[in-house]
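As stored in target_38.cif (mmCIF, C-alpha atoms):
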```cif
data_input
loop_
_atom_site.label_atom_id
_atom_site.label_comp_id
_atom_site.auth_asym_id
_atom_site.auth_seq_id
_atom_site.Cartn_x
_atom_site.Cartn_y
_atom_site.Cartn_z
CA MET A 1 119.41 182.71 34.61
CA ALA A 2 121.27 183.57 37.78
CA ILE A 3 125.02 183.16 37.50
CA ALA A 4 127.30 181.96 40.28
CA PHE A 5 130.76 183.49 39.86
CA LEU A 6 133.14 181.32 41.82
CA HIS A 7 136.90 181.24 41.99
CA GLU A 8 139.46 180.83 39.23
CA SER A 9 140.08 177.30 38.01
CA THR A 10 143.44 175.70 38.74
CA PRO A 11 145.05 172.46 37.53
CA ASP A 12 143.56 170.61 40.52
CA GLU A 13 139.99 171.73 40.03
CA PRO A 14 137.00 170.76 37.85
CA GLY A 15 137.27 173.82 35.63
CA PHE A 16 140.73 172.79 34.41
CA THR A 17 141.56 170.69 31.35
CA GLU A 18 144.96 170.01 29.86
CA SER A 19 143.90 171.31 26.45
CA SER A 20 142.49 174.53 27.88
CA HIS A 21 145.69 175.05 29.85
CA ALA A 22 147.77 174.74 26.72
CA ASP A 23 145.63 177.04 24.59
CA ALA A 24 144.13 179.55 27.00
CA SER A 25 145.57 182.62 28.64
CA ALA A 26 145.14 183.42 32.32
CA LYS A 27 142.25 185.67 31.40
CA ASP A 28 140.56 182.83 29.53
CA ARG A 29 140.84 180.59 32.59
CA ARG A 30 139.33 183.29 34.78
CA ALA A 31 136.48 183.59 32.30
CA GLN A 32 135.51 179.95 32.81
CA VAL A 33 132.87 180.15 35.50
CA ARG A 34 131.10 177.48 37.43
CA LEU A 35 127.38 177.22 37.87
CA SER A 36 125.71 175.73 40.90
CA ALA A 37 123.05 173.07 40.33
CA GLU A 38 120.32 175.68 40.77
CA ASP A 39 121.94 178.17 38.39
CA ALA A 40 122.40 175.58 35.65
CA SER A 41 118.71 175.63 34.74
CA TRP A 42 119.31 173.38 31.70
CA LEU A 43 120.62 170.58 33.95
CA ARG A 44 117.91 168.19 35.12
CA GLY A 45 120.17 165.70 36.86
CA ALA A 46 123.30 163.59 36.63
CA ARG A 47 124.45 160.03 37.16
CA LEU A 48 127.48 157.89 36.58
CA LYS A 49 126.92 155.83 33.44
CA TYR A 50 125.70 152.38 34.48
CA GLY A 51 125.84 153.65 38.05
CA SER A 52 123.95 155.64 40.64
CA GLU A 53 122.68 159.20 40.61
CA VAL A 54 125.02 161.90 41.86
CA ARG A 55 124.36 165.35 43.32
CA VAL A 56 125.93 168.14 41.31
CA ILE A 57 127.54 170.82 43.47
CA ASP A 58 128.80 172.91 40.57
CA ILE A 59 129.64 172.48 36.89
CA SER A 60 131.61 174.31 34.20
CA THR A 61 132.54 173.72 30.58
CA GLY A 62 135.68 171.93 31.80
CA GLY A 63 134.60 169.87 34.79
CA ILE A 64 132.19 168.97 37.54
CA LEU A 65 132.10 168.73 41.33
CA ILE A 66 129.73 166.09 42.70
CA GLU A 67 128.65 164.29 45.83
CA SER A 68 127.74 160.61 45.67
CA ASP A 69 126.99 157.61 47.86
CA GLY A 70 129.76 155.20 48.74
CA ALA A 71 133.53 155.24 48.99
CA PRO A 72 135.73 157.82 47.24
CA LEU A 73 136.66 157.19 43.61
CA ALA A 74 140.27 156.45 42.71
CA PRO A 75 142.23 159.56 41.60
CA GLN A 76 143.16 159.55 37.90
CA SER A 77 140.49 156.93 37.17
CA ASN A 78 138.15 157.40 34.23
CA VAL A 79 134.38 157.82 34.56
CA VAL A 80 131.50 158.77 32.27
CA PHE A 81 128.74 161.14 33.39
CA GLU A 82 125.25 161.00 31.95
CA LEU A 83 123.87 164.53 32.21
CA SER A 84 120.12 164.92 31.81
CA THR A 85 119.32 168.21 30.05
CA GLN A 86 116.30 169.97 28.60
CA THR A 87 117.19 168.65 25.14
CA GLY A 88 118.16 165.11 26.11
CA PRO A 89 121.02 163.19 27.74
CA ILE A 90 124.68 164.13 27.26
CA LEU A 91 127.51 161.65 27.89
CA MET A 92 130.67 163.29 29.23
CA PRO A 93 133.84 161.21 29.79
CA ALA A 94 135.94 162.58 32.64
CA ARG A 95 139.04 161.99 34.75
CA VAL A 96 138.89 161.96 38.56
CA LEU A 97 141.11 164.69 40.00
CA ARG A 98 140.40 164.09 43.66
CA SER A 99 137.82 162.30 45.79
CA GLN A 100 137.34 162.32 49.55
CA PRO A 101 134.72 161.20 52.07
CA VAL A 102 132.19 163.68 53.40
CA GLU A 103 132.63 163.92 57.16
CA GLY A 104 129.83 162.34 59.16
CA SER A 105 128.23 160.50 56.23
CA ASN A 106 128.68 157.57 53.87
CA ARG A 107 129.02 159.91 50.90
CA SER A 108 132.01 161.20 48.96
CA GLN A 109 132.79 164.48 47.22
CA THR A 110 134.59 164.17 43.89
CA ALA A 111 136.12 166.69 41.48
CA CYS A 112 136.46 165.62 37.84
CA ALA A 113 137.85 167.20 34.67
CA PHE A 114 135.92 166.59 31.47
CA LYS A 115 137.94 165.04 28.63
CA ARG A 116 136.21 167.34 26.16
CA THR A 117 134.58 170.72 26.53
CA LEU A 118 130.97 170.59 27.66
CA SER A 119 129.05 172.21 24.81
CA VAL A 120 125.95 173.65 26.46
CA ASP A 121 124.74 177.11 25.50
CA ALA A 122 123.76 177.94 29.06
CA VAL A 123 127.36 177.39 30.15
CA ALA A 124 129.35 178.35 27.08
CA ALA A 125 127.70 181.76 26.80
CA VAL A 126 128.74 182.76 30.31
CA THR A 127 131.98 184.75 30.69
CA ARG A 128 133.41 187.00 33.32
CA ASP A 129 135.14 190.33 32.80
CA GLU A 130 137.97 191.70 34.93
CA SER A 131 135.46 193.93 36.73
CA PRO A 132 131.76 193.38 37.44
CA ALA A 133 129.55 194.49 34.57
CA PRO A 134 126.62 196.82 35.21
CA VAL A 135 123.25 195.19 35.61
CA ARG A 136 121.41 195.15 32.31
CA ALA A 137 117.68 194.93 31.77
CA ALA A 138 116.79 191.30 31.14
CA ALA A 139 115.02 190.12 28.04
CA ARG A 140 111.32 189.44 28.32
CA GLY A 141 111.82 185.70 28.06
CA SER A 142 113.95 185.61 31.22
CA TRP A 143 111.22 186.91 33.52
CA GLN A 144 109.66 184.26 35.74
CA ARG A 145 106.26 184.18 37.41
CA VAL A 146 106.65 183.95 41.16
CA VAL A 147 104.34 183.49 44.12
CA ALA A 148 106.03 184.45 47.40
CA ARG A 149 104.45 183.17 50.60
CA PHE A 150 105.34 184.79 53.90
CA ARG A 151 105.59 182.74 57.09
CA GLY A 152 102.55 184.56 58.43
CA GLY A 153 100.44 183.46 55.45
CA GLU A 154 100.51 186.58 53.28
CA VAL A 155 100.97 186.05 49.54
CA VAL A 156 102.63 188.34 46.98
CA ARG A 157 102.67 187.66 43.23
CA GLY A 158 104.95 189.16 40.63
CA TYR A 159 107.85 188.66 38.26
CA THR A 160 111.57 188.27 38.89
CA ASN A 161 114.59 187.97 36.61
CA ASP A 162 117.51 187.89 39.06
CA PHE A 163 116.64 185.49 41.86
CA HIS A 164 119.57 183.75 43.51
CA PRO A 165 119.67 181.82 46.83
CA SER A 166 122.69 183.81 47.98
CA LYS A 167 120.79 187.09 47.88
CA THR A 168 119.08 188.43 50.98
CA HIS A 169 115.99 189.71 49.15
CA LEU A 170 113.61 188.60 46.42
CA HIS A 171 113.10 191.33 43.82
CA LEU A 172 109.56 191.42 42.38
CA THR A 173 107.93 193.63 39.79
CA PRO A 174 104.19 193.72 39.04
CA GLU A 175 104.82 193.17 35.31
CA ASP A 176 107.38 191.19 33.32
CA LYS A 177 109.50 194.24 32.61
CA ALA A 178 111.65 196.70 34.49
CA GLY A 179 109.58 198.94 36.73
CA GLU A 180 108.61 199.47 40.34
CA THR A 181 110.40 196.82 42.38
CA MET A 182 109.42 195.21 45.68
CA PHE A 183 112.17 193.87 47.93
CA LEU A 184 111.08 190.89 50.05
CA ALA A 185 113.48 189.59 52.71
CA LEU A 186 114.03 185.84 52.26
CA THR A 187 114.22 185.42 56.03
CA GLN A 188 110.56 186.47 56.24
CA LEU A 189 109.38 184.12 53.50
CA LYS A 190 108.19 180.56 53.82
CA ALA A 191 108.92 179.71 50.20
CA VAL A 192 109.18 181.12 46.70
CA PHE A 193 107.06 179.26 44.13
CA PHE A 194 108.07 179.52 40.47
CA VAL A 195 104.76 178.90 38.74
CA ARG A 196 103.37 178.27 35.25
CA GLN A 197 100.36 180.50 35.84
CA PHE A 198 99.42 182.79 38.73
CA GLU A 199 95.87 181.48 39.01
CA GLY A 200 96.57 177.76 38.57
CA ASP A 201 93.73 175.30 39.09
CA PRO A 202 92.23 175.72 42.59
CA SER A 203 90.49 172.32 42.33
CA ARG A 204 93.69 170.43 41.58
CA VAL A 205 95.56 168.65 44.35
CA ASP A 206 99.20 167.82 43.62
CA ARG A 207 100.13 164.16 43.90
CA HIS A 208 102.93 163.11 46.22
CA GLU A 209 103.85 160.10 44.07
CA PHE A 210 106.80 160.52 41.72
CA ASP A 211 105.36 160.17 38.24
CA ASN A 212 108.71 160.37 36.40
CA ALA A 213 112.15 158.92 36.99
CA PRO A 214 113.51 161.46 39.47
CA TYR A 215 116.82 163.28 39.17
CA GLY A 216 118.37 164.32 42.44
CA ARG A 217 117.53 163.08 45.92
CA LYS A 218 113.92 162.40 46.82
CA VAL A 219 112.94 164.62 49.71
CA GLU A 220 109.93 165.42 51.87
CA VAL A 221 109.81 168.94 53.31
CA THR A 222 107.47 169.75 56.19
CA PHE A 223 107.00 173.48 56.70
CA ASP A 224 106.42 175.12 60.08
CA ASP A 225 102.72 175.57 59.19
CA GLY A 226 102.32 171.83 58.51
CA GLU A 227 102.29 171.93 54.71
CA VAL A 228 104.19 169.03 53.14
CA LEU A 229 106.13 169.28 49.88
CA ARG A 230 107.54 166.21 48.13
CA GLY A 231 110.00 166.31 45.29
CA THR A 232 113.67 166.10 44.42
CA THR A 233 116.59 168.35 45.26
CA LEU A 234 120.08 168.78 43.85
CA GLY A 235 121.38 171.38 46.25
CA TYR A 236 120.25 170.71 49.83
CA ARG A 237 122.40 172.20 52.56
CA ASP A 238 121.37 172.04 56.22
CA GLY A 239 120.52 175.54 57.43
CA SER A 240 120.43 177.04 53.93
CA GLY A 241 117.67 177.65 51.45
CA PHE A 242 117.31 175.09 48.65
CA PHE A 243 115.25 174.28 45.57
CA VAL A 244 112.78 171.42 45.27
CA GLN A 245 111.28 170.16 42.03
CA PRO A 246 107.78 168.83 42.84
CA ALA A 247 107.15 165.09 42.49
CA ASP A 248 104.02 165.80 40.41
CA SER A 249 105.27 166.94 36.99
CA GLY A 250 101.84 168.38 36.27
CA SER A 251 101.97 170.74 39.22
CA ASN A 252 101.53 174.45 38.60
CA ASN A 253 104.71 174.82 40.66
CA MET A 254 107.68 174.22 38.38
CA ARG A 255 110.12 174.50 41.30
CA VAL A 256 110.01 175.75 44.85
CA PHE A 257 112.68 177.57 46.81
CA VAL A 258 112.42 176.67 50.50
CA SER A 259 113.61 179.66 52.50
CA PRO A 260 116.29 179.15 55.18
CA GLY A 261 114.73 178.00 58.45
CA ALA A 262 111.20 177.72 57.04
CA ALA A 263 111.04 173.91 57.29
CA SER A 264 110.46 172.08 60.55
CA GLN A 265 111.66 168.82 59.00
CA VAL A 266 113.54 167.73 55.89
CA ARG A 267 113.46 163.99 55.30
CA PHE A 268 115.13 162.10 52.45
CA LEU A 269 112.99 159.33 51.02
#
```
Final structure tokens representation of the file:
Amino acid sequence: MAIAFLHESTPDEPGFTESSHADASAKDRRAQVRLSAEDASWLRGARLKYGSEVRVIDISTGGILIESDGAPLAPQSNVVFELSTQTGPILMPARVLRSQPVEGSNRSQTACAFKRTLSVDAVAAVTRDESPAPVRAAARGSWQRVVARFRGGEVVRGYTNDFHPSKTHLHLTPEDKAGETMFLALTQLKAVFFVRQFEGDPSRVDRHEFDNAPYGRKVEVTFDDGEVLRGTTLGYRDGSGFFVQPADSGSNNMRVFVSPGAASQVRFL
């Protein structure tokens, strides 16, 4: 899992809780990292309990930063998040720290502190040292099958264990272990497909209908070559690369990273 190391939590930010402030040292607070929606691979989606879906910007064991439709929430008000995870839903009561409108839209960005520590292995196991640790060889289970498609149509298949949207290159190896590495510039790629199997089923055509209750915003991506991808996204940013989870849950593509500038149109459904 790629890890997004962001800044230190402070009393005004989602990573802060009153209990952690009382019990933790400065080093402990620095060790509490936030994961972006893409990095938190265990997180399938989020909504306000009895309310609408929200877009997770980042999340930590102590809080969450979201974007939602409608007016800002009242500071110091209480809310409950329903987090959809790989193992089932988690209800997390929280307190609104701050909420403000997003310029040029009818959406709001809200920072909340959880009232209890979020107990998720994918988050709790992540810590940060004072200095960056050396890169270690990843376990076999962390390698992912990837099909990289260039904008000119070329296709490269391989394995990766350190992909992150902030990187300039995709690192691929021919086998799911450390070895000879290819470096593919993301600016030259159309998309990166994280697949179940390399061969897939050539006779199968993915459906564009959403066959499950979607988490995230429904989106239709039209690539420069005319290919259309439908699915949901939790981390769309205009001008940046972003992940899409296909609408067809039976697709060989588990998720697709749309490279920056590779789409001629992005339309929310």
- Message: Can you tell me which residues surround segment 172-187 of chain A at a distance of at most 6 Å, considering only C-alpha atoms, apart from same-chain residues fewer than 4 positions away, and format the answer as JSON, numbers by chain?
- Response: {"A": [143, 158, 159, 160, 168]}
- Note on the structure: Glu53 of chain A proximity check over A:Asp162, A:Gly216, A:Arg267, A:Ala113, using all atoms listed in the file: winner is A:Gly216
- Could you tell me how far atom CA of Val79 of chain A lies from atom CA of Phe268 of chain A, in Å and to one decimal?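 Interatomic distance, atom CA of Val79 of chain A to atom CA of Phe268 of chain A: 26.6 Å.
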- Pull out every residue that the PyMOL selection byres ((chain A and resi 69) around 6) matches in the shown coordinates and put them as number ranges by chain. A: 68, 70, 107
- Step by step, work through what the PyMOL selection byres ((chain A and resi 45) around 8) selects in the shown file, and finish by giving those residues as a ChimeraX atom specification. /A:43-44,46-47,53-56,83-85,215-216,234
I need every residue sitting at most 7 Å from the point (106.8, 177.8, 53.9) (coordinates as in the file, all atoms listed in the file considered), written as a PDB file with C-alpha atoms, keeping the file's coordinate frame.
```pdb
ATOM      1  CA  ARG A 149     104.450 183.170  50.600  1.00  0.00           C
ATOM      2  CA  ARG A 151     105.590 182.740  57.090  1.00  0.00           C
ATOM      3  CA  LEU A 189     109.380 184.120  53.500  1.00  0.00           C
ATOM      4  CA  LYS A 190     108.190 180.560  53.820  1.00  0.00           C
ATOM      5  CA  ALA A 191     108.920 179.710  50.200  1.00  0.00           C
ATOM      6  CA  PHE A 223     107.000 173.480  56.700  1.00  0.00           C
ATOM      7  CA  ASP A 224     106.420 175.120  60.080  1.00  0.00           C
ATOM      8  CA  VAL A 258     112.420 176.670  50.500  1.00  0.00           C
ATOM      9  CA  ALA A 262     111.200 177.720  57.040  1.00  0.00           C
ATOM     10  CA  ALA A 263     111.040 173.910  57.290  1.00  0.00           C
TER      11      ALA A 263
END
```
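If you look at atom CA of Val146 of chain A and atom CA of Pro89 of chain A, they are 28.6 Å away from each other.
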- Calculate how many Å separate atom CA of Thr233 of chain A from atom CA of Ala247 of chain A, rounding to one decimal.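 Going from atom CA of Thr233 of chain A over to atom CA of Ala247 of chain A, I get 10.4 Å.
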- Message: Can you translate the PyMOL selection byres ((chain A and resi 64) around 8) into the concrete residues it hits in this file, as a PyMOL selection string?
- Response: chain A and resi 14-15+56-60+62-63+65-66+111-114
- Counting only C-alpha atoms, what is within 12 Å of Arg230 of chain A, bar same-chain residues fewer than 2 positions away, as a ChimeraX atom specification? /A:206-211,214,217-223,227-228,232-233,243-249,251,253,255-256,258,265-269
Mind working out the centre and edge lengths of an axis-aligned box for segment 49-60 of chain A, all listed atoms inside, 5 Å added to each side, rounded to one decimal in Å and written as AutoDock Vina command-line options?
```
--center_x 127.1 --center_y 163.3 --center_z 38.5 --size_x 18.9 --size_y 31.9 --size_z 20.0
```
- Measuring atom to atom with all atoms listed in the file, identify which of A:Ser52, A:Gln144, A:Ser166, A:Ser259 is nearest to Glu82 of chain A. A:Ser52
